[in-house]
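Remarks on the structure that follows.
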Number of protein chains: 2
Amino acid sequence: MGAADWLDWLRRGEFHFMNWLDFFERVDRLPSRAVPMYARICQAVRGGIESGQLPANTKLPTNRELAALLKIDRSTVSRAYLELEKAGLVESHVGRGTFVTQGASGKERAASPPTGPAVPWNEVFSRFSQTAFAMLSRQWAASALDAEVISFAGGIPTQEFFPEQEFREILSHLNRAGQSADMFSYSPSEGHPALRRQLRQYLSEEGPAVGDEELLIVSGSQQGIDLVAKTLVDPGDVVLIEEPTYVWANCIFSAAQARCVPVPVDAQGLRVDVLESVLSRHSAKLLYVMPTFQNPTGATLSMERRAQLLALARRYRLPILEDNFVVDLRYDGMPLPSLRALDADRSAVISQGTFSKALCPGLRLGWLVAPEPVMVRLRLAKRACDLSTNSLAQAVMAEYLRRGLYRRHLELVRSAYRKRRDAMCNAIVRHLGSQVRWSKPDGGLFLWAALPAGLSSRELLSFAERQGVIFSPGDAFFLNGDRQEHLRLSFIQHDEPAIEEGIARLGRALAAYLSTRTRAGRGLPALERGNEAALI
Amino acid sequence: MGAADWLDWLRRGEFHFMNWLDFFERVDRLPSRAVPMYARICQAVRGGIESGQLPANTKLPTNRELAALLKIDRSTVSRAYLELEKAGLVESHVGRGTFVTQGASGKERAASPPTGPAVPWNEVFSRFSQTAFAMLSRQWAASALDAEVISFAGGIPTQEFFPEQEFREILSHLNRAGQSADMFSYSPSEGHPALRRQLRQYLSEEGPAVGDEELLIVSGSQQGIDLVAKTLVDPGDVVLIEEPTYVWANCIFSAAQARCVPVPVDAQGLRVDVLESVLSRHSAKLLYVMPTFQNPTGATLSMERRAQLLALARRYRLPILEDNFVVDLRYDGMPLPSLRALDADRSAVISQGTFSKALCPGLRLGWLVAPEPVMVRLRLAKRACDLSTNSLAQAVMAEYLRRGLYRRHLELVRSAYRKRRDAMCNAIVRHLGSQVRWSKPDGGLFLWAALPAGLSSRELLSFAERQGVIFSPGDAFFLNGDRQEHLRLSFIQHDEPAIEEGIARLGRALAAYLSTRTRAGRGLPALERGNEAALI
C-alpha cells in the first residue's frame, strides 16, 4: 500500500479511530523509508483530520502509549506532536493530553460559516454504524493492487471463467423474444417467476424439493444474512457463530447488536460438542454455520456431526442458518446432504445459496430456502429493505439455468479449481515445507494454514508484500482478532504457474521474516505438530 | 379479490393476526355470496391454521366480538365455531374462550414427529419483523387483478414507456464492445465507476456539483432509506416524517424501532411552522421529507418553506433525508432548487434519487448524495447489507446516460403524463363534481382527493371494486391509519380513455356508496369547503 493509497484508504474511513494500533501501524508500513518517522506520524494525523475521521476534540494517544505502540523513542512522538501543534492541528493540555483542535480541518475552515457544519455527523451515527465501523478496522485487504502482485487474498472468482459468451447469447435471445418488459419491470419481492421456477427445479434435483412458498431470491448471500438478522435478531440476542467465520456475517450480526458467541471449528467443521455446552448455558436465537468448505478454514462438517447438530437444534429449538456458498465446488469425495435435507420436517433450517462464487458475482443473485412461517417474514424484510431484486439479472439467470448451462459451467470450474488447489498444495510442500501446518480442502475456495505458534501472519504479510504476494491474515476471521498465526489462501484467482510463483514468493517472505526474528534474538518457537484441531 | 386470491394472500401472511377486523373483514368481501357466512368464517380460520398464520393456542375473538365486528348475528359465529370444533381445529374452554387446537394444522399432523416443529418460529421474530408485519396489515392493495379492473392504486410506471429498444441496442453494444467482464464482476460498494461518472455529470448539470466522495449507487430508493435508517437510527430515536407519507419509509423507520413523529403536510408541503414546535420539544435524529410532488399528496414544498426548513436544520442540527423520487417529472411551473442545493455548506442534507419512477423500476437503481462524513458510513452500511449493486444494470444505465437518452426519455414521459394528469382532473370534474375535494399537482404521479367528512375511502373502495376500478385508500399513509376520507389516485398507469372510464366508474361507485348511506338514514355530512389545509 503506497502512501497515496493509504491516505485514500484513510479518507474512505476504513479504519477505526479508537484503535490507535491499527491507525498508526500503517505509519510503519509506508514504503518510503526516506521520510522520517515523526513526519510520517504528522502525515497520518493530518490525513485523519482532513478526512474528517479525527474530529475536533479527539484525544490522541499519549507520548508513552504511541511510542510503545510503534516501538519508537518517545522523543520522536514529542517532535511529531510539537509539529502538529505548531500547525494548529492539535492542542496539548498539561495533565489532560493532546487533542485535535476545534476547526482544524481545512475544509471546515474554508467552507463553513462561523457556526460550523449544520450537523455534527460524528455524534449521530447509530450503534449499527459504530459497530460495523469498528469491526471494519481489521479489514484492510488489498485495495489498490499492483498488477505484479499475486493475490491470494479475498475469495472472488476472476473473469476468465465468466460465461460471457453464453450471457451474450441469452441477452440477444431475450431481446429478440420480446421479453424485455419482464426484464425492466418490478419483480415480485420473492423473485422473478421464471428464475424461481428454474431454481426450484435445480435445487430439487440437488436435494429435497423446494416448495414455492419456501423460496426467496435475494441480491447475493450478504443480503440473505442481513434479512435473516433483521427477521430474527433483536439487540442483546445471542447469535452463535463459527470461529473462525465469514467476516461480514459476523459484522452484520454484531452491528444488529447481537451478542455473538463463537463455537470453534476443527478439521471436521463446527465442534458440535462445544456447541452443546454453549447451548446449555445460552438461550440462542440463531446459529450461523457454513457446513461445507467453510470460510475461512475450508473444513466440511462431518456426517456424524450434521446429525448431532440437528438433534441439538430440535432439543434446544435452535434456528439454523446454513450458508452453502460453495457447496457446488467439490473437487474430491461424495457430496454430503445439506442440513436442510437432514432436517426431517424442514422446520429448523434456513438454507442459503449464491451464484456469486461458482458463477459470477456481479449479477448479485442468491437465494434463501426457509420453512414457510419464517419465509413469510423474510419476504417482508426483503420488501422493506429494497422491494425486490433487479429483474434484468434474474431474467438472464433464469434462461441460463433453463438451458442447462449452469451444470456445464460447474463441471468446467470444478475441473479448473481442482487443478489450482492441487498446484497450491504442491507448491506449499515445496516452498514452505514444514514451516506451516495446513490441510487440503475437498472443495471451495480457500486453504487455511498456520504459522508456528508465536509468529504473526500480519507481520508475515508485510514481508510478503515486499515479495509481491498477499493473502488474508487470519486474525480477521476471529471474533476478537486475537489469533495471529493463520493465513487464508484463496487458490481460485490465479492459474497454476502464478500459484507456483506466488507460493515461492511467500516462501521467501517467510524465510526473511524468520531470519529477522532470529536476528532479533527472539528465536523460533517449536512447531506444534500433530495438533490438528489447533490448525483450523 | 376472489376466494383463491384471498387465501393466497392469507398464506403469504400479508395480514396481521392480532388484528381480527382485518382478518375477518375479508370474509365479508368474498364475492361468492352463495357460501353462507358461517362457512366463510370456517374457511378463513381453516386457511389461517393451515398456512401456519394462526398457530396453536391462538385465541380467537369471542362470539360477541366477532358478531359485532362482522355485523352479523351471534348464532352465526356460534355455528362457525361449533363446526371448527367438530373438525378438531379449535377448542372451546368455558370462561376462557376459543383456541386453535395444538397440532390442528394438517401439515403438522402429517410431517412432524410427536414433539412438534423444531423451532417455534412465531415466538422468535425480531421487533423489526413484528413491527413491519403489524404495519403491513393495513397494506392489502391490489394483488391479483382482473385485467378488466382499472387500477389507480400503486405508483408503478407501466411498460409502455420503458426504453426497451434503446436498452436492447445498449446491451448489444456492451456485448460487442467486450465490456462483459465489467457487467458480471463485483462493482465497488459505492457503485459501478462508469455509472458514477455519468450520474455525477447528470446531477451536476441539474443542481450543485456532486463530488466523487458524496455519491453512492443503491438498489433503488427503498434501499437508500434503509441504509440511512441503519446509519443514523437507534431504537427509541425520534424520526420526523411527513403525514401523510410514503408507507414503506414509515415502515422501515418504525421497524428500526424509531419513534416516528408526524409533521403535517398541506398544499405548500411540510408544515415548517409545526416542525419548529416539534423540534423545540423533541431531539430528532432525522427528518424524512419529499419536497417535490410528495407521496401521497402531490404537494410541493414552497421556496419560502425550503429556506425556513434549512434554517431550522441548522438551528436544531437536524439531519434531513430529502427523497426526490419524482423531481424530474414536472409538468407545470419552474423547478425549485433541492434542499441540498439550498444547504449552503452541504452539511445537513442527504439527498436521494431513483430511476424507478421516471424510467423503469426493474433495474433497481437509485442513488444517495450525502456529506462526506456520513457518506463513509452509508457506503459501509451498503457493503454490510448486500456488498454492492448488480453490475449488469449499472453498466446498461451508464451507457444510457452517456448517450443522452435519459433526458430525451424524460421529455417523452413528461409530455405523456401531463396529458394523463389533465385527463384525470377533467374526468373528476365531470364524474365526481363537487363530491370530492382535490388539487391539481404540478408533477409526479399522484392526485390526492378527499371525500366529504364522515365518509370512508375503504368503504368506497368496496363499491369501487364492484365497478371495476381501484385506488389506494388514504388511511395507509397516516401513522395511525385514523384518517378515513382520502384517496390516492395514480394518473400515470393508464392512457386518457382508460382514465376517463375509470373515473366514471369511481363516480358510479361513489353514488352507490352515498345512496347506501342515505338509505341507512345516516344522512350526508356537509362538505367542508375552503379548508385547503385539511385537504391534503
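By convention here, the chains of the C-alpha cells are called A, B, ... in the order presented, each chain's residues are numbered starting at 1, and ligands are numbered starting at 1 in the order presented.
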
Worksheet item: Quick one: which residues from chain B are at most 6 Å off chain A, using only C-alpha atoms, as a PyMOL selection string?
Response: chain B and resi 12-13+111-112+117-119+125-126+129+159+181+184-186+222-223+226+231-234+314+317+345+347-348+361-364+385-386+390-391

Worksheet entry | Backbone DSSP call of strand (DSSP E or B) for range 95-299 of chain B, listed as a ChimeraX atom specification | /B:97-100,150-151,215-218,238-243,259-266,269-270,284-289

Worksheet, complete the sentence: Atom pair CA of Arg418 in chain A + CA of Glu465 in chain A, distance 26.5 Å

Worksheet item: Between A:Lys440, A:His282, A:His192, A:Arg414, which one has atoms that come closest to Gly236 in chain A, using only C-alpha atoms?
Response: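 Smallest distance to Gly236 in chain A is found for A:His282.
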
Item to complete: Write out as a list of chain:residue names each polymer residue whose atoms come within 10 Å of Arg79 in chain A, counting only C-alpha atoms; drop sequence neighbours fewer than 2 positions from it.
Response: A:Met37, A:Tyr38, A:Ala39, A:Ile41, A:Cys42, A:Asn63, A:Arg74, A:Ser75, A:Thr76, A:Val77, A:Tyr81, A:Leu82, A:Glu83, A:Leu84, A:Glu85

List the neighbours of range 478-490 of chain B out to 7 Å using only C-alpha atoms; skip same-chain residues closer than 5 positions along the sequence, and give me the result as an mmCIF file with N, CA and C atoms, in the first residue's frame.
data_model
loop_
_atom_site.group_PDB
_atom_site.id
_atom_site.type_symbol
_atom_site.label_atom_id
_atom_site.label_comp_id
_atom_site.auth_asym_id
_atom_site.auth_seq_id
_atom_site.Cartn_x
_atom_site.Cartn_y
_atom_site.Cartn_z
ATOM 1 N N PHE B 152 -55.956 2.680 -10.239
ATOM 2 C CA PHE B 152 -55.293 3.935 -9.908
ATOM 3 C C PHE B 152 -54.495 3.763 -8.612
ATOM 4 N N ALA B 153 -54.388 2.497 -8.152
ATOM 5 C CA ALA B 153 -53.599 2.211 -6.940
ATOM 6 C C ALA B 153 -52.131 2.071 -7.315
ATOM 7 N N GLY B 154 -51.277 2.075 -6.312
ATOM 8 C CA GLY B 154 -49.844 1.930 -6.577
ATOM 9 C C GLY B 154 -49.294 3.132 -7.319
ATOM 10 N N GLY B 155 -47.994 3.119 -7.571
ATOM 11 C CA GLY B 155 -47.385 4.236 -8.302
ATOM 12 C C GLY B 155 -46.277 3.709 -9.181
ATOM 13 N N GLU B 243 -46.772 13.747 7.350
ATOM 14 C CA GLU B 243 -48.019 12.987 7.469
ATOM 15 C C GLU B 243 -49.076 13.679 6.617
ATOM 16 N N PRO B 244 -49.603 12.951 5.620
ATOM 17 C CA PRO B 244 -49.305 11.569 5.236
ATOM 18 C C PRO B 244 -47.937 11.434 4.564
ATOM 19 N N THR B 245 -47.425 10.187 4.514
ATOM 20 C CA THR B 245 -46.121 9.949 3.900
ATOM 21 C C THR B 245 -46.079 8.596 3.188
ATOM 22 N N PRO B 296 -48.207 10.865 -0.412
ATOM 23 C CA PRO B 296 -49.208 10.713 -1.460
ATOM 24 C C PRO B 296 -49.855 12.002 -1.947
ATOM 25 N N LEU B 445 -46.788 11.662 -9.715
ATOM 26 C CA LEU B 445 -47.603 10.510 -10.089
ATOM 27 C C LEU B 445 -49.017 10.563 -9.564
ATOM 28 N N PHE B 446 -49.245 11.384 -8.522
ATOM 29 C CA PHE B 446 -50.448 11.189 -7.729
ATOM 30 C C PHE B 446 -51.347 12.417 -7.653
ATOM 31 N N LEU B 447 -52.627 12.119 -7.582
ATOM 32 C CA LEU B 447 -53.626 13.121 -7.259
ATOM 33 C C LEU B 447 -54.269 12.668 -5.950
ATOM 34 N N TRP B 448 -54.376 13.592 -5.027
ATOM 35 C CA TRP B 448 -54.861 13.282 -3.671
ATOM 36 C C TRP B 448 -56.227 13.912 -3.519
ATOM 37 N N ALA B 449 -57.195 13.154 -3.135
ATOM 38 C CA ALA B 449 -58.551 13.673 -3.062
ATOM 39 C C ALA B 449 -59.163 13.329 -1.714
ATOM 40 N N ALA B 450 -60.144 14.106 -1.306
ATOM 41 C CA ALA B 450 -60.794 13.859 -0.015
ATOM 42 C C ALA B 450 -62.299 13.762 -0.201
ATOM 43 N N LEU B 451 -62.873 12.751 0.419
ATOM 44 C CA LEU B 451 -64.328 12.614 0.442
ATOM 45 C C LEU B 451 -64.895 13.584 1.475
ATOM 46 N N PRO B 452 -66.182 13.815 1.415
ATOM 47 C CA PRO B 452 -66.796 14.612 2.486
ATOM 48 C C PRO B 452 -66.505 13.970 3.836
ATOM 49 N N ALA B 453 -66.346 14.784 4.854
ATOM 50 C CA ALA B 453 -66.025 14.267 6.189
ATOM 51 C C ALA B 453 -67.062 13.244 6.612
ATOM 52 N N LEU B 455 -67.153 10.172 5.545
ATOM 53 C CA LEU B 455 -67.121 9.034 4.619
ATOM 54 C C LEU B 455 -65.756 8.358 4.709
ATOM 55 N N SER B 456 -65.752 7.075 4.321
ATOM 56 C CA SER B 456 -64.516 6.302 4.424
ATOM 57 C C SER B 456 -64.097 5.815 3.048
ATOM 58 N N SER B 457 -62.830 6.072 2.705
ATOM 59 C CA SER B 457 -62.358 5.644 1.389
ATOM 60 C C SER B 457 -62.273 4.118 1.301
ATOM 61 N N PHE B 471 -58.198 2.121 -6.171
ATOM 62 C CA PHE B 471 -57.289 3.223 -5.854
ATOM 63 C C PHE B 471 -56.630 2.869 -4.521
ATOM 64 N N SER B 472 -55.739 3.720 -4.036
ATOM 65 C CA SER B 472 -55.123 3.480 -2.724
ATOM 66 C C SER B 472 -55.891 4.255 -1.663
ATOM 67 N N PRO B 473 -56.488 3.540 -0.712
ATOM 68 C CA PRO B 473 -57.177 4.265 0.363
ATOM 69 C C PRO B 473 -56.174 5.046 1.195
#

Item to complete: Pick out the residues sitting within 9 Å of Ile241 in chain A, and hand them over as a PyMOL selection string; count only C-alpha atoms, and ignore anything fewer than 4 positions along from it in its own chain.
Response: chain A and resi 245+249-250+260-264+286-289

Check range 208-392 of chain B with DSSP on the backbone and list each residue it calls helix (DSSP H, G or I), as a short mmCIF file (atom, residue, chain, number, x, y, z; two decimals) with C-alpha atoms, in the first residue's frame.
data_model
loop_
_atom_site.label_atom_id
_atom_site.label_comp_id
_atom_site.auth_asym_id
_atom_site.auth_seq_id
_atom_site.Cartn_x
_atom_site.Cartn_y
_atom_site.Cartn_z
CA ASP B 212 -16.95 11.65 -6.08
CA GLU B 213 -16.91 11.11 -2.32
CA GLU B 214 -20.52 12.21 -1.94
CA SER B 221 -34.81 4.28 -3.19
CA GLN B 222 -36.13 1.82 -0.68
CA GLN B 223 -32.61 0.60 -0.02
CA GLY B 224 -31.45 4.19 0.29
CA ILE B 225 -33.95 4.76 3.08
CA ASP B 226 -32.93 1.52 4.77
CA LEU B 227 -29.24 2.47 4.65
CA VAL B 228 -29.94 5.88 6.14
CA ALA B 229 -32.00 4.25 8.89
CA LYS B 230 -29.22 1.75 9.60
CA THR B 231 -26.62 4.50 9.72
CA LEU B 232 -28.45 7.00 11.90
CA VAL B 247 -45.78 3.91 3.62
CA TRP B 248 -42.57 1.93 3.23
CA ALA B 249 -40.39 4.70 4.61
CA ASN B 250 -42.60 4.85 7.65
CA CYS B 251 -42.35 1.04 7.81
CA ILE B 252 -38.54 1.00 7.74
CA PHE B 253 -38.15 3.68 10.40
CA SER B 254 -40.79 2.08 12.61
CA ALA B 255 -39.29 -1.38 12.16
CA VAL B 272 -42.49 24.05 8.73
CA ASP B 273 -44.19 26.04 11.49
CA VAL B 274 -45.39 22.82 13.09
CA LEU B 275 -41.95 21.29 12.55
CA GLU B 276 -40.42 24.10 14.57
CA SER B 277 -42.67 23.46 17.53
CA VAL B 278 -41.95 19.72 17.27
CA LEU B 279 -38.21 20.40 17.19
CA SER B 280 -38.46 22.57 20.25
CA ARG B 281 -39.92 19.59 22.13
CA MET B 303 -39.48 28.10 -1.81
CA GLU B 304 -40.13 30.09 1.34
CA ARG B 305 -40.61 26.96 3.41
CA ARG B 306 -37.50 25.36 1.92
CA ALA B 307 -35.43 28.26 3.23
CA GLN B 308 -37.17 28.10 6.60
CA LEU B 309 -36.59 24.37 6.79
CA LEU B 310 -32.86 24.74 6.21
CA ALA B 311 -32.63 27.45 8.82
CA LEU B 312 -34.32 25.09 11.27
CA ALA B 313 -31.99 22.27 10.30
CA ARG B 314 -29.03 24.47 11.13
CA ARG B 315 -30.51 25.77 14.34
CA TYR B 316 -31.50 22.32 15.60
CA LEU B 339 -32.85 21.16 -0.24
CA ARG B 340 -29.29 20.05 -0.88
CA ALA B 341 -28.81 22.92 -3.32
CA LEU B 342 -30.09 25.37 -0.70
CA GLU B 372 -18.66 13.01 3.10
CA PRO B 373 -18.61 12.11 6.81
CA VAL B 374 -21.98 10.39 6.60
CA MET B 375 -21.32 9.01 3.11
CA VAL B 376 -18.41 6.98 4.50
CA ARG B 377 -20.90 5.34 6.84
CA LEU B 378 -23.60 4.91 4.21
CA ARG B 379 -21.16 3.04 1.99
CA LEU B 380 -20.21 0.86 4.90
CA ALA B 381 -23.88 0.06 5.54
CA LYS B 382 -24.31 -0.74 1.85
CA ARG B 383 -21.36 -3.09 1.99
CA ALA B 384 -22.69 -4.77 5.10
CA CYS B 385 -26.18 -5.19 3.61
CA ASP B 386 -25.50 -6.53 0.12
CA SER B 391 -23.19 -4.61 -12.26
CA LEU B 392 -25.25 -5.53 -15.31
#
